[in-house]
>>> print(open('entry-v1.cif').read())   # mmCIF, C-alpha atoms and all ligand atoms
data_target
#
loop_
_atom_site.label_atom_id
_atom_site.label_comp_id
_atom_site.auth_asym_id
_atom_site.auth_seq_id
_atom_site.Cartn_x
_atom_site.Cartn_y
_atom_site.Cartn_z
CA ILE A 36 -13.75 -192.76 146.58
CA ILE A 37 -11.80 -194.99 144.20
CA GLY A 38 -13.05 -193.56 140.92
CA ASP A 39 -16.06 -192.46 138.92
CA PRO A 40 -19.01 -194.71 138.16
CA VAL A 41 -19.16 -196.38 134.75
CA LEU A 42 -21.98 -198.37 133.17
CA LEU A 43 -21.75 -200.49 130.00
CA SER A 44 -24.72 -202.09 128.26
CA THR A 45 -25.12 -204.09 125.08
CA TRP A 46 -26.72 -202.72 121.89
CA ASN A 47 -28.68 -199.52 121.17
CA HIS A 48 -31.14 -200.10 123.97
CA GLY A 49 -28.16 -199.81 126.31
CA ILE A 50 -28.80 -196.05 126.13
CA PRO A 51 -32.19 -196.02 127.92
CA ALA A 52 -31.06 -198.86 130.21
CA ASN A 53 -27.93 -196.92 131.24
CA GLU A 54 -29.98 -193.78 131.70
CA LYS A 55 -32.24 -195.49 134.20
CA ALA A 56 -29.35 -197.27 135.93
CA TRP A 57 -27.40 -194.02 136.30
CA GLN A 58 -30.43 -192.37 137.89
CA VAL A 59 -30.94 -195.28 140.29
CA LEU A 60 -27.24 -195.29 141.20
CA ASN A 61 -27.44 -191.58 142.02
CA GLU A 62 -30.59 -192.03 144.05
CA THR A 63 -29.75 -195.18 145.97
CA GLY A 64 -25.97 -195.51 145.76
CA SER A 65 -26.51 -199.22 144.99
CA ILE A 66 -24.81 -200.60 141.88
CA VAL A 67 -26.83 -203.83 142.06
CA ASP A 68 -30.11 -201.88 142.21
CA ALA A 69 -28.85 -199.84 139.26
CA VAL A 70 -28.11 -202.82 136.99
CA GLU A 71 -31.39 -204.51 137.94
CA GLN A 72 -33.55 -201.43 137.35
CA GLY A 73 -31.68 -200.50 134.17
CA VAL A 74 -32.43 -203.74 132.33
CA ARG A 75 -36.03 -203.80 133.59
CA VAL A 76 -36.66 -200.88 131.25
CA ILE A 77 -35.83 -203.15 128.32
CA GLU A 78 -37.81 -206.10 129.73
CA ASN A 79 -40.75 -203.68 129.48
CA ASP A 80 -40.04 -202.42 125.96
CA PRO A 81 -42.86 -203.58 123.66
CA ASP A 82 -40.62 -203.19 120.59
CA ASN A 83 -37.86 -205.48 121.76
CA LEU A 84 -38.04 -208.94 120.21
CA SER A 85 -35.16 -210.46 122.23
CA VAL A 86 -35.90 -209.45 125.84
CA GLY A 87 -39.00 -209.93 127.98
CA LEU A 88 -42.38 -211.50 127.28
CA GLN A 89 -42.80 -209.56 124.02
CA GLY A 90 -39.78 -211.44 122.63
CA LEU A 91 -39.80 -214.03 119.86
CA PRO A 92 -41.00 -217.48 120.93
CA ASP A 93 -39.40 -220.90 120.67
CA ARG A 94 -40.40 -223.25 117.86
CA ASP A 95 -43.49 -224.35 119.81
CA GLY A 96 -44.66 -220.74 119.96
CA ILE A 97 -43.85 -220.28 123.66
CA VAL A 98 -41.77 -217.42 125.07
CA THR A 99 -39.28 -218.61 127.69
CA LEU A 100 -36.90 -216.24 129.45
CA ASP A 101 -33.39 -216.41 130.93
CA ALA A 102 -31.78 -213.87 133.29
CA SER A 103 -28.92 -213.50 135.75
CA ILE A 104 -27.55 -210.97 138.20
CA MET A 105 -24.22 -210.89 140.03
CA LYS A 106 -22.39 -208.73 142.56
CA GLY A 107 -18.65 -208.29 142.82
CA ASP A 108 -18.54 -210.13 146.15
CA GLY A 109 -19.54 -213.35 144.38
CA SER A 110 -23.26 -213.32 145.21
CA CYS A 111 -25.34 -214.31 142.21
CA GLY A 112 -28.74 -215.53 141.13
CA SER A 113 -30.37 -216.64 137.93
CA VAL A 114 -33.51 -218.02 136.36
CA ALA A 115 -33.75 -220.09 133.20
CA PHE A 116 -36.52 -221.35 130.92
CA VAL A 117 -39.12 -219.37 132.85
CA ARG A 118 -42.57 -218.55 131.44
CA GLN A 119 -45.01 -215.69 132.09
CA VAL A 120 -42.71 -213.66 134.36
CA LYS A 121 -42.58 -210.04 133.23
CA HIS A 122 -39.35 -209.20 135.04
CA PRO A 123 -37.06 -212.24 135.17
CA ILE A 124 -34.12 -210.04 136.26
CA SER A 125 -35.94 -209.26 139.51
CA LEU A 126 -36.70 -212.95 139.97
CA ALA A 127 -32.96 -213.65 139.54
CA ARG A 128 -32.35 -210.97 142.20
CA LEU A 129 -34.77 -212.74 144.49
CA VAL A 130 -32.99 -216.06 143.93
CA MET A 131 -29.72 -214.32 144.89
CA ASP A 132 -31.04 -212.43 147.90
CA GLU A 133 -33.71 -214.69 149.36
CA THR A 134 -32.91 -218.31 148.55
CA PRO A 135 -29.99 -220.62 149.37
CA HIS A 136 -29.63 -221.33 145.61
CA VAL A 137 -28.07 -219.73 142.57
CA MET A 138 -30.22 -220.98 139.70
CA ILE A 139 -33.91 -221.86 139.47
CA ALA A 140 -35.45 -223.10 136.24
CA GLY A 141 -38.75 -223.67 134.52
CA GLU A 142 -41.90 -224.33 136.48
CA GLY A 143 -40.07 -223.88 139.78
CA ALA A 144 -39.07 -220.37 138.77
CA ARG A 145 -42.61 -219.48 137.73
CA LYS A 146 -43.91 -220.86 141.05
CA LEU A 147 -41.32 -218.86 142.99
CA ALA A 148 -42.43 -215.74 141.15
CA ALA A 149 -46.11 -216.38 141.86
CA GLU A 150 -45.45 -217.03 145.54
CA ASN A 151 -43.57 -213.76 145.82
CA GLY A 152 -46.16 -211.52 144.24
CA PHE A 153 -44.46 -211.09 140.86
CA GLU A 154 -46.58 -209.97 137.96
CA LEU A 155 -47.42 -212.98 135.78
CA GLN A 156 -48.85 -212.46 132.32
CA GLU A 157 -51.28 -214.57 130.35
CA GLU A 158 -49.34 -216.50 127.72
CA GLU A 159 -49.94 -214.61 124.52
CA LEU A 160 -47.48 -213.53 121.85
CA SER A 161 -47.03 -209.81 121.24
CA PRO A 162 -48.42 -208.72 117.85
CA ARG A 163 -44.92 -208.33 116.36
CA ALA A 164 -43.76 -211.69 117.71
CA GLU A 165 -46.95 -213.38 116.47
CA GLU A 166 -46.45 -212.01 112.99
CA ALA A 167 -42.80 -213.07 112.87
CA TYR A 168 -43.61 -216.53 114.24
CA GLU A 169 -46.39 -217.11 111.69
CA LYS A 170 -43.93 -216.23 108.97
CA TRP A 171 -41.28 -218.53 110.41
CA LEU A 172 -43.79 -221.41 110.57
CA GLU A 173 -44.17 -221.34 106.79
CA GLN A 174 -40.66 -222.80 106.47
CA SER A 175 -39.91 -223.85 110.06
CA GLU A 176 -36.27 -223.66 109.22
CA TYR A 177 -33.80 -222.96 111.95
CA LYS A 178 -31.13 -220.78 110.51
CA PRO A 179 -30.01 -218.06 112.86
CA VAL A 180 -29.44 -214.77 111.09
CA ILE A 181 -26.67 -212.91 112.82
CA ASN A 182 -27.53 -209.49 114.13
CA ILE A 183 -31.17 -209.87 113.22
CA GLU A 184 -32.90 -212.76 114.95
CA ASN A 185 -30.25 -213.08 117.59
CA HIS A 186 -29.92 -209.42 118.30
CA ASP A 187 -30.72 -207.47 121.40
CA THR A 188 -30.16 -209.39 124.61
CA ILE A 189 -29.30 -206.85 127.23
CA GLY A 190 -26.24 -207.33 129.41
CA MET A 191 -25.14 -204.54 131.72
CA ILE A 192 -22.02 -204.24 133.87
CA GLY A 193 -21.12 -201.36 136.13
CA ILE A 194 -18.94 -199.95 138.85
CA ASP A 195 -19.91 -197.37 141.46
CA GLY A 196 -17.68 -194.63 142.85
CA ASN A 197 -16.42 -196.92 145.62
CA GLY A 198 -15.15 -199.75 143.44
CA LYS A 199 -18.20 -201.97 143.94
CA MET A 200 -19.28 -203.80 140.80
CA ALA A 201 -22.42 -205.60 139.60
CA GLY A 202 -23.91 -206.96 136.40
CA SER A 203 -27.21 -208.13 134.93
CA CYS A 204 -28.26 -210.00 131.82
CA THR A 205 -31.77 -210.76 130.53
CA THR A 206 -33.13 -212.30 127.32
CA SER A 207 -35.84 -214.28 125.62
CA GLY A 208 -32.97 -216.21 124.04
CA LEU A 209 -32.63 -217.32 120.46
CA ALA A 210 -35.72 -217.02 118.34
CA TYR A 211 -37.29 -220.40 117.45
CA LYS A 212 -34.99 -222.33 119.75
CA MET A 213 -36.00 -225.85 120.79
CA HIS A 214 -38.43 -225.82 123.70
CA GLY A 215 -36.38 -226.05 126.88
CA ARG A 216 -33.21 -224.62 125.35
CA VAL A 217 -31.22 -222.44 127.76
CA GLY A 218 -28.58 -220.01 126.54
CA ASP A 219 -25.57 -218.34 128.08
CA SER A 220 -27.41 -215.44 129.73
CA PRO A 221 -28.49 -217.22 132.95
CA ILE A 222 -25.27 -219.21 133.27
CA ILE A 223 -22.89 -217.51 135.66
CA GLY A 224 -19.50 -217.32 133.96
CA ALA A 225 -20.95 -217.59 130.45
CA GLY A 226 -23.31 -214.64 129.95
CA LEU A 227 -22.15 -212.71 133.02
CA TYR A 228 -19.35 -212.64 135.57
CA VAL A 229 -18.36 -210.04 138.15
CA ASP A 230 -15.49 -209.93 140.62
CA ASP A 231 -14.72 -206.74 142.58
CA GLU A 232 -11.04 -207.72 142.72
CA VAL A 233 -10.69 -207.65 138.94
CA GLY A 234 -13.65 -206.56 136.84
CA ALA A 235 -16.80 -207.68 135.07
CA ALA A 236 -17.88 -209.07 131.71
CA THR A 237 -21.09 -209.83 129.86
CA ALA A 238 -21.95 -211.44 126.54
CA THR A 239 -24.49 -211.34 123.74
CA GLY A 240 -24.97 -213.43 120.64
CA LEU A 241 -25.12 -217.17 120.02
CA GLY A 242 -25.27 -218.55 123.56
CA GLU A 243 -24.00 -221.99 122.59
CA SER A 244 -20.73 -220.50 121.36
CA ILE A 245 -20.35 -218.41 124.51
CA ILE A 246 -21.03 -221.29 126.90
CA ARG A 247 -18.34 -223.41 125.20
CA ILE A 248 -15.63 -221.01 126.30
CA CYS A 249 -17.14 -219.79 129.62
CA GLY A 250 -16.87 -216.41 127.91
CA SER A 251 -17.48 -213.94 130.72
CA PHE A 252 -15.46 -215.85 133.29
CA LEU A 253 -12.67 -216.22 130.76
CA ILE A 254 -12.54 -212.46 130.22
CA VAL A 255 -12.42 -211.70 133.95
CA GLU A 256 -9.65 -214.27 134.44
CA LEU A 257 -7.66 -212.81 131.53
CA MET A 258 -7.95 -209.36 133.15
CA ARG A 259 -6.80 -210.91 136.43
CA GLN A 260 -3.67 -212.04 134.61
CA GLY A 261 -3.00 -208.51 133.45
CA ARG A 262 -4.84 -208.08 130.15
CA THR A 263 -6.73 -204.87 129.53
CA PRO A 264 -10.51 -205.21 129.10
CA GLN A 265 -10.04 -204.75 125.35
CA GLU A 266 -7.30 -207.38 125.10
CA ALA A 267 -9.38 -209.80 127.20
CA CYS A 268 -12.44 -209.40 124.93
CA GLU A 269 -10.32 -209.93 121.82
CA GLU A 270 -8.75 -213.07 123.28
CA ALA A 271 -12.21 -214.44 124.15
CA VAL A 272 -13.37 -213.89 120.56
CA ARG A 273 -10.21 -215.59 119.28
CA ARG A 274 -10.87 -218.53 121.62
CA LEU A 275 -14.50 -218.76 120.52
CA ILE A 276 -13.52 -218.82 116.86
CA SER A 277 -10.89 -221.48 117.53
CA LYS A 278 -13.58 -223.80 118.93
CA HIS A 279 -15.67 -223.76 115.74
CA ASP A 280 -14.93 -225.04 112.26
CA ASN A 281 -16.90 -222.21 110.72
CA VAL A 282 -18.13 -218.98 112.28
CA ASP A 283 -19.74 -217.51 109.14
CA ASP A 284 -23.18 -217.69 110.77
CA ILE A 285 -22.11 -216.97 114.32
CA GLN A 286 -22.22 -213.62 116.03
CA ALA A 287 -21.09 -213.15 119.63
CA GLY A 288 -20.04 -209.96 121.35
CA PHE A 289 -18.42 -209.27 124.71
CA LEU A 290 -18.22 -206.27 127.03
CA ALA A 291 -15.66 -205.89 129.80
CA LEU A 292 -14.98 -203.38 132.55
CA ASN A 293 -12.08 -203.49 134.96
CA LYS A 294 -11.93 -202.21 138.51
CA ASP A 295 -10.24 -199.01 137.29
CA GLY A 296 -13.32 -198.25 135.20
CA GLU A 297 -11.66 -199.04 131.84
CA ALA A 298 -13.95 -200.54 129.21
CA GLY A 299 -13.42 -202.98 126.36
CA ALA A 300 -15.61 -204.65 123.73
CA TYR A 301 -15.17 -207.03 120.81
CA ALA A 302 -17.28 -209.23 118.57
CA VAL A 303 -16.93 -211.99 116.01
CA GLN A 304 -18.73 -210.05 113.26
CA PRO A 305 -19.18 -206.33 112.62
CA GLY A 306 -22.36 -204.72 113.88
CA PHE A 307 -22.03 -205.05 117.65
CA ASN A 308 -22.38 -201.84 119.62
CA TYR A 309 -22.84 -200.84 123.23
CA ALA A 310 -23.71 -197.87 125.41
CA LEU A 311 -21.15 -196.40 127.79
CA HIS A 312 -22.26 -194.07 130.57
CA ASN A 313 -19.77 -192.15 132.68
CA ARG A 314 -19.73 -188.65 134.14
CA ALA A 315 -19.18 -187.22 130.68
CA GLY A 316 -22.45 -188.67 129.37
CA ASN A 317 -24.11 -191.68 127.80
CA GLU A 318 -23.01 -192.64 124.29
CA LEU A 319 -23.19 -195.44 121.78
CA VAL A 320 -19.89 -196.99 120.75
CA ASP A 321 -19.28 -199.40 117.84
CA SER A 322 -17.18 -202.37 118.88
CA GLY A 323 -14.42 -203.77 116.75
CA SER A 324 -14.71 -207.29 115.35
CA MET A 325 -12.50 -210.16 114.27
CA ARG A 326 -14.28 -210.51 110.94
CA SER A 327 -14.70 -207.54 108.63
C1 LIG A 401 -28.85 -216.50 123.96
N1 LIG A 401 -27.14 -214.86 124.18
O1 LIG A 401 -29.87 -216.93 124.49
C2 LIG A 401 -28.56 -215.04 124.03
C3 LIG A 401 -29.14 -214.36 122.83
C4 LIG A 401 -28.63 -212.97 122.60
O2 LIG A 401 -28.65 -210.92 121.60
O3 LIG A 401 -27.65 -212.53 123.12
N2 LIG A 401 -29.21 -212.15 121.78
O4 LIG A 401 -28.07 -217.25 123.34
#
>>> encode(input="entry-v1.cif", output="structure tokens")
Amino acid sequence: IIGDPVLLSTWNHGIPANEKAWQVLNETGSIVDAVEQGVRVIENDPDNLSVGLQGLPDRDGIVTLDASIMKGDGSCGSVAFVRQVKHPISLARLVMDETPHVMIAGEGARKLAAENGFELQEEELSPRAEEAYEKWLEQSEYKPVINIENHDTIGMIGIDGNGKMAGSCTTSGLAYKMHGRVGDSPIIGAGLYVDDEVGAATATGLGESIIRICGSFLIVELMRQGRTPQEACEEAVRRLISKHDNVDDIQAGFLALNKDGEAGAYAVQPGFNYALHNRAGNELVDSGSMRS
């Protein structure tokens, strides 16, 4: 035994996701099963407007999902711009475990799901998404509102008691995005990165800003060079801000966990929180931010 298990998940819904993941880790001993099953709870949550098929649609009124999963040995899988698949995280797992590829997108991902017995849903907006979309159509203006429209992607990273790490990330992406837009969540190194030798990181917020700096990979590499998880997250936020003329309308938040089970978190704007589960319990923590 190297240490105690730790799970970190983005936002309030990190609490139920961690709860499930902790239970799965206890039952199966598998950290990758834990992070997959944990975020599935949120993919199933009818109230979540940023994860799963009940999420907000793109500007054409279509819900398209992105997800990724990674193990600390470097294995990874992801799906992007996929329609109708209820559990994209499990499809990402299938890409990792059963195909020679890392990333499958669009119609190919939906076909892969259908061929492997995944539940596909009729394309229909959830009542809450429908209502929000109708309202958006009145102006059809794309102005992301930080911490409201772009809130609630779930990213989870964890370590088991033997030093094995894994992470997962799943989202319906930015509300009212252009059809075909892919965010950071399914891009290995942007929305998620895990390396057993060092640690893990995941991201939430404006995907475009996270992709620019390879946010999650950057954080893991900074930890490799000796930064604490907290220092690494703060440096990533600094880097992100330095690549934009103006971050007034940009929110992005990062979570990091090192192989000693130490956690860190930081965001551009106030309002980012996460759930941390260890042997002591499962609690919500407010992250610090560069802006006040
Ligand atoms: C994206 N990063 O598609 C996602 C959105 C998000 O909380 O994190 N929402 O850009």
>>> residues_near_point(input="entry-v1.cif", point="(-26.2, -192.7, 124.2)", cutoff="9 Å", atoms="only C-alpha atoms", output="PyMOL selection string")
chain A and resi 47-51+53-54+309-312+316-320
>>> residues_near_ligand(input="entry-v1.cif", ligand="ligand LIG 401 (chain A)", cutoff="7 Å", atoms="all atoms listed in the file", output="MDAnalysis selection string")
chainID A and resid 85 185:189 206:209 217:220 226 238:243
>>> write_last_selection(input="entry-v1.cif", atoms="C-alpha atoms", output="compact mmCIF listing (two decimals), in the coordinates of the input")
# COMPACT_ATOMS: atom_id res chain seq x y z
CA SER A 85 -35.16 -210.46 122.23
CA ASN A 185 -30.25 -213.08 117.59
CA HIS A 186 -29.92 -209.42 118.30
CA ASP A 187 -30.72 -207.47 121.40
CA THR A 188 -30.16 -209.39 124.61
CA ILE A 189 -29.30 -206.85 127.23
CA THR A 206 -33.13 -212.30 127.32
CA SER A 207 -35.84 -214.28 125.62
CA GLY A 208 -32.97 -216.21 124.04
CA LEU A 209 -32.63 -217.32 120.46
CA VAL A 217 -31.22 -222.44 127.76
CA GLY A 218 -28.58 -220.01 126.54
CA ASP A 219 -25.57 -218.34 128.08
CA SER A 220 -27.41 -215.44 129.73
CA GLY A 226 -23.31 -214.64 129.95
CA ALA A 238 -21.95 -211.44 126.54
CA THR A 239 -24.49 -211.34 123.74
CA GLY A 240 -24.97 -213.43 120.64
CA LEU A 241 -25.12 -217.17 120.02
CA GLY A 242 -25.27 -218.55 123.56
CA GLU A 243 -24.00 -221.99 122.59
>>> closest_residue(input="entry-v1.cif", among="A:Thr263, A:Thr45, A:Ser203, A:Gln304", to="Asp284 in chain A", atoms="only C-alpha atoms")
A:Gln304
>>> closest_residue(input="entry-v1.cif", among="A:Cys204, A:Cys249, A:Ala271, A:Leu126", to="Asn151 in chain A", atoms="all atoms listed in the file")
A:Leu126
>>> closest_residue(input="entry-v1.cif", among="A:Lys199, A:Arg262, A:Arg326, A:Arg247", to="Ala298 in chain A", atoms="only C-alpha atoms")
A:Arg262
>>> closest_atom_pairs(input="entry-v1.cif", of="range 63-129 of chain A", to="range 154-177 of chain A", cutoff="10 Å", atoms="all atoms listed in the file", output="tab-separated table")
residue	atom	partner	partner_atom	distance
A:Pro81	CA	A:Ser161	CA	7.9
A:Asp82	CA	A:Arg163	CA	7.9
A:Asn83	CA	A:Arg163	CA	9.3
A:Leu84	CA	A:Ala164	CA	6.8
A:Ser85	CA	A:Ala164	CA	9.8
A:Leu88	CA	A:Leu160	CA	7.7
A:Gln89	CA	A:Ser161	CA	5.1
A:Gly90	CA	A:Ala164	CA	6.3
A:Leu91	CA	A:Ala164	CA	5.1
A:Pro92	CA	A:Ala164	CA	7.2
A:Asp93	CA	A:Tyr168	CA	8.8
A:Arg94	CA	A:Ser175	CA	7.8
A:Asp95	CA	A:Tyr168	CA	9.6
A:Gly96	CA	A:Tyr168	CA	7.2
A:Ile97	CA	A:Glu158	CA	7.8
A:Val98	CA	A:Leu160	CA	7.6
A:Arg118	CA	A:Glu158	CA	8.0
A:Gln119	CA	A:Gln156	CA	5.0
A:Val120	CA	A:Leu155	CA	5.0
A:Lys121	CA	A:Glu154	CA	6.2
A:His122	CA	A:Glu154	CA	7.8
>>> atom_distance(input="entry-v1.cif", atom1="CA of Val117 in chain A", atom2="CA of Ala302 in chain A")
28.0 Å
>>> atom_distance(input="entry-v1.cif", atom1="CA of Arg216 in chain A", atom2="CA of Pro135 in chain A")
24.6 Å
>>> atom_distance(input="entry-v1.cif", atom1="CA of Ser244 in chain A", atom2="CA of Lys294 in chain A")
26.6 Å
>>> residues_around(input="entry-v1.cif", residues="Met325 in chain A", least_positions_apart="2", cutoff="8 Å", atoms="only C-alpha atoms", output="number ranges by chain")
A: 269, 272-273, 301-305, 323, 327
>>> closest_residue(input="entry-v1.cif", among="A:Gln72, A:Ser44, A:Ser113, A:Ser324", to="Ala56 in chain A", atoms="all atoms listed in the file")
A:Gln72
>>> residues_around(input="entry-v1.cif", residues="Arg128 in chain A", least_positions_apart="6", cutoff="12 Å", atoms="all atoms listed in the file", output="count of residues only")
30
>>> build_atoms(input="entry-v1.cif", residues="range 271-300 of chain A", atoms="N, CA and C atoms", output="short mmCIF file (atom, residue, chain, number, x, y, z; two decimals), in the frame of the given file")
data_model
loop_
_atom_site.label_atom_id
_atom_site.label_comp_id
_atom_site.auth_asym_id
_atom_site.auth_seq_id
_atom_site.Cartn_x
_atom_site.Cartn_y
_atom_site.Cartn_z
N ALA A 271 -11.01 -213.58 124.04
CA ALA A 271 -12.21 -214.44 124.15
C ALA A 271 -12.80 -214.71 122.77
N VAL A 272 -12.84 -213.69 121.92
CA VAL A 272 -13.37 -213.89 120.56
C VAL A 272 -12.47 -214.85 119.78
N ARG A 273 -11.16 -214.68 119.95
CA ARG A 273 -10.21 -215.59 119.28
C ARG A 273 -10.46 -217.03 119.75
N ARG A 274 -10.62 -217.20 121.07
CA ARG A 274 -10.87 -218.53 121.62
C ARG A 274 -12.15 -219.12 121.06
N LEU A 275 -13.20 -218.30 121.03
CA LEU A 275 -14.50 -218.76 120.52
C LEU A 275 -14.36 -219.24 119.08
N ILE A 276 -13.69 -218.45 118.27
CA ILE A 276 -13.52 -218.82 116.86
C ILE A 276 -12.73 -220.11 116.73
N SER A 277 -11.73 -220.28 117.62
CA SER A 277 -10.89 -221.48 117.53
C SER A 277 -11.65 -222.76 117.89
N LYS A 278 -12.80 -222.61 118.54
CA LYS A 278 -13.58 -223.80 118.93
C LYS A 278 -14.67 -224.14 117.92
N HIS A 279 -14.67 -223.47 116.77
CA HIS A 279 -15.67 -223.76 115.74
C HIS A 279 -14.97 -223.94 114.39
N ASP A 280 -15.50 -224.85 113.59
CA ASP A 280 -14.93 -225.04 112.26
C ASP A 280 -15.25 -223.85 111.36
N ASN A 281 -16.42 -223.26 111.62
CA ASN A 281 -16.90 -222.21 110.72
C ASN A 281 -17.73 -221.22 111.54
N VAL A 282 -17.36 -219.98 111.52
CA VAL A 282 -18.13 -218.98 112.28
C VAL A 282 -18.88 -218.01 111.36
N ASP A 283 -19.06 -218.41 110.09
CA ASP A 283 -19.74 -217.51 109.14
C ASP A 283 -21.12 -217.08 109.64
N ASP A 284 -21.82 -218.00 110.32
CA ASP A 284 -23.18 -217.69 110.77
C ASP A 284 -23.25 -217.39 112.26
N ILE A 285 -22.11 -217.18 112.88
CA ILE A 285 -22.11 -216.97 114.32
C ILE A 285 -21.76 -215.53 114.65
N GLN A 286 -22.61 -214.90 115.46
CA GLN A 286 -22.22 -213.62 116.03
C GLN A 286 -22.18 -213.79 117.55
N ALA A 287 -21.17 -213.24 118.17
CA ALA A 287 -21.09 -213.15 119.63
C ALA A 287 -20.30 -211.89 119.94
N GLY A 288 -20.73 -211.18 120.96
CA GLY A 288 -20.04 -209.96 121.35
C GLY A 288 -19.85 -209.92 122.86
N PHE A 289 -18.74 -209.34 123.27
CA PHE A 289 -18.42 -209.27 124.71
C PHE A 289 -18.19 -207.82 125.14
N LEU A 290 -18.55 -207.55 126.38
CA LEU A 290 -18.22 -206.27 127.03
C LEU A 290 -17.43 -206.57 128.29
N ALA A 291 -16.44 -205.72 128.58
CA ALA A 291 -15.66 -205.89 129.80
C ALA A 291 -15.38 -204.54 130.45
N LEU A 292 -15.27 -204.58 131.77
CA LEU A 292 -14.98 -203.38 132.55
C LEU A 292 -14.05 -203.81 133.67
N ASN A 293 -12.94 -203.08 133.85
CA ASN A 293 -12.08 -203.49 134.96
C ASN A 293 -12.31 -202.60 136.18
N LYS A 294 -11.64 -202.92 137.26
CA LYS A 294 -11.93 -202.21 138.51
C LYS A 294 -11.44 -200.76 138.49
N ASP A 295 -10.63 -200.42 137.47
CA ASP A 295 -10.24 -199.01 137.29
C ASP A 295 -11.23 -198.25 136.41
N GLY A 296 -12.30 -198.93 136.01
CA GLY A 296 -13.32 -198.25 135.20
C GLY A 296 -12.99 -198.21 133.72
N GLU A 297 -11.98 -198.99 133.28
CA GLU A 297 -11.66 -199.04 131.84
C GLU A 297 -12.55 -200.07 131.14
N ALA A 298 -13.01 -199.69 129.94
CA ALA A 298 -13.95 -200.54 129.21
C ALA A 298 -13.29 -201.20 128.02
N GLY A 299 -13.85 -202.33 127.58
CA GLY A 299 -13.42 -202.98 126.36
C GLY A 299 -14.61 -203.69 125.73
N ALA A 300 -14.54 -203.94 124.43
CA ALA A 300 -15.61 -204.65 123.73
C ALA A 300 -15.06 -205.26 122.46
#
